[in-house]
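Structure record follows, encoded as structure tokens.
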Amino acid sequence: VQLQASGGGSVQAGGSLRLSCVASGRTFSSATMGWFRQAPGKEREFVSAITWSGGWTYYSDSVKGRFTISRDNAKNTVYLQMNSLKPEDTSVYYCAVDLSPPIGRTTMSQADRYDYWGQGTQVTVSS
């Protein structure tokens with residue numbers, strides 16, 4: 001399995017970015033795709049996740065209402081639309097895949113459930 005994240009960049013506060021994560025190497029019909037982020041000196045933080053089949057979505061409180069996760073099954077791609085960006089959103093963003101069937105929305109935020117991780121893409125938001 002390979003995950004390729006892209007779309008990061010530098011924006012001013014209030015701006016928008018869209019991250020993409022292309023998954024390859026197997027079928028993902030029962031998988032969950034997640035986005036996490038990690039800033040220097042901080043622990044990895046859950047951002048959002050979505051299931052491939054059922055369309056469950058889950059967001060951290062810090063991004064709810066500003067970020068939207070979506071998927072394109074035909075392209076094996078998951079997107080993270082980030083609007084109203086804040087300086088505290090500055091991080092390296094990682095996509096990950098949990099190959100186990102989803103068992104509930106709250107478990108989608110558990111990093112240790114994810115089996116494969118992408119290389120990360122930097123998002124920098126200036127004030």
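Here's how to read the names in the structure tokens: chain A, B, ... by the order shown, residue numbers from 1 in each chain, ligand numbers from 1 in the order shown.
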
Set the distance at 8 Å and use only C-alpha atoms: which residues neighbour A:Asn76 once local chain neighbours fewer than 3 positions away are removed? I'd like the list as an mmCIF file with N, CA, C and O atoms, in the first residue's frame.
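Result file selection.cif:
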```
data_model
loop_
_atom_site.group_PDB
_atom_site.id
_atom_site.type_symbol
_atom_site.label_atom_id
_atom_site.label_comp_id
_atom_site.auth_asym_id
_atom_site.auth_seq_id
_atom_site.Cartn_x
_atom_site.Cartn_y
_atom_site.Cartn_z
ATOM 1 N N VAL A 22 -3.658 10.118 -2.550
ATOM 2 C CA VAL A 22 -3.933 9.039 -3.497
ATOM 3 C C VAL A 22 -3.434 7.735 -2.901
ATOM 4 O O VAL A 22 -2.262 7.631 -2.505
ATOM 5 N N ALA A 23 -4.310 6.762 -2.838
ATOM 6 C CA ALA A 23 -3.970 5.454 -2.282
ATOM 7 C C ALA A 23 -3.832 4.433 -3.403
ATOM 8 O O ALA A 23 -4.594 4.440 -4.360
ATOM 9 N N SER A 24 -2.869 3.555 -3.263
ATOM 10 C CA SER A 24 -2.672 2.524 -4.278
ATOM 11 C C SER A 24 -2.142 1.260 -3.628
ATOM 12 O O SER A 24 -1.681 1.278 -2.488
ATOM 13 N N PHE A 28 -9.755 -0.716 -1.418
ATOM 14 C CA PHE A 28 -9.972 -0.073 -0.133
ATOM 15 C C PHE A 28 -11.454 -0.005 0.227
ATOM 16 O O PHE A 28 -11.887 0.888 0.929
ATOM 17 N N ARG A 71 -14.214 11.895 -0.555
ATOM 18 C CA ARG A 71 -13.478 10.830 -1.240
ATOM 19 C C ARG A 71 -13.982 10.683 -2.661
ATOM 20 O O ARG A 71 -15.132 11.003 -2.964
ATOM 21 N N ASP A 72 -13.110 10.201 -3.529
ATOM 22 C CA ASP A 72 -13.463 9.834 -4.890
ATOM 23 C C ASP A 72 -13.009 8.398 -5.060
ATOM 24 O O ASP A 72 -11.819 8.138 -5.290
ATOM 25 N N ASN A 73 -13.948 7.482 -4.919
ATOM 26 C CA ASN A 73 -13.589 6.070 -4.946
ATOM 27 C C ASN A 73 -12.981 5.670 -6.288
ATOM 28 O O ASN A 73 -12.063 4.837 -6.329
#
```

**OP:** Find the residues near A:Ala96: any atom within 7 Å, counting only C-alpha atoms, skip ones fewer than 3 places away on the same chain, and give them as a VMD selection string.
**Re:** chain A and resid 33 to 35 114 116 to 118

Original post:
Smallest atom-to-atom distance to A:Ser91: which of A:Ala49, A:Val11, A:Val125, A:Leu17, using only C-alpha atoms?
Top reply: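 Going through A:Ala49, A:Val11, A:Val125, A:Leu17 one by one, the smallest distance to A:Ser91 is for A:Val125.
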
Original post:
Looking only at the backbone, which of the residues in chain A does DSSP tag as strand (DSSP E), as a PyMOL selection string?
Top reply: chain A and resi 2-6+9-12+17-24+32-38+45-51+57-59+67-72+77-82+91-98+116-117+121-126

Original post:
Quick one: of A:Tyr94, A:Thr77, A:Pro101, A:Thr68, who's nearest to A:Ser16, counting only C-alpha atoms?
Top reply: A:Thr68

Subject >> Which residue of A:Lys75, A:Arg44, A:Lys64, A:Lys86 approaches A:Ala111 most closely, using only C-alpha atoms >> reply: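 For A:Ala111, the nearest of the given residues is A:Arg44.
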
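Counting from atom CA of A:Met108, the distance to atom CA of A:Ala74 is 22.2 Å.
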
Original post:
Do you know which residues are at most 10 Å from A:Tyr58 counting only C-alpha atoms, after dropping those on the same chain fewer than 3 positions away, and could you put them as JSON, numbers by chain?
Top reply: {"A": [34, 46, 47, 48, 49, 50, 51, 55, 61, 64, 68, 69, 104, 105, 106, 107, 108, 109]}

Can I get the selected residues back with C-alpha atoms, as a tab-separated table (two decimals), in the first residue's frame?
```tsv
chain	number	residue	atom	x	y	z
A	34	GLY	CA	-7.68	9.59	7.94
A	46	PHE	CA	-6.21	13.64	14.60
A	47	VAL	CA	-7.86	15.94	12.07
A	48	SER	CA	-10.51	14.05	10.13
A	49	ALA	CA	-11.44	10.67	8.68
A	50	ILE	CA	-13.84	9.10	6.22
A	51	THR	CA	-14.87	5.58	5.33
A	55	GLY	CA	-19.37	7.68	3.93
A	61	ASP	CA	-13.38	19.80	17.36
A	64	LYS	CA	-15.14	21.08	12.63
A	68	THR	CA	-14.38	19.05	4.87
A	69	ILE	CA	-13.22	15.55	4.05
A	104	GLY	CA	-17.64	3.38	15.02
A	105	ARG	CA	-16.98	7.03	14.41
A	106	THR	CA	-14.96	7.63	17.55
A	107	THR	CA	-12.47	4.89	16.69
A	108	MET	CA	-11.69	6.70	13.46
A	109	SER	CA	-9.55	9.14	15.44
```

Subject >> Counting only C-alpha atoms, the option among A:Asp98, A:Ala13, A:Pro40, A:Leu80 closest to A:Asp112 >> reply: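 Looking at the shortest contact to A:Asp112, the residue is A:Asp98.
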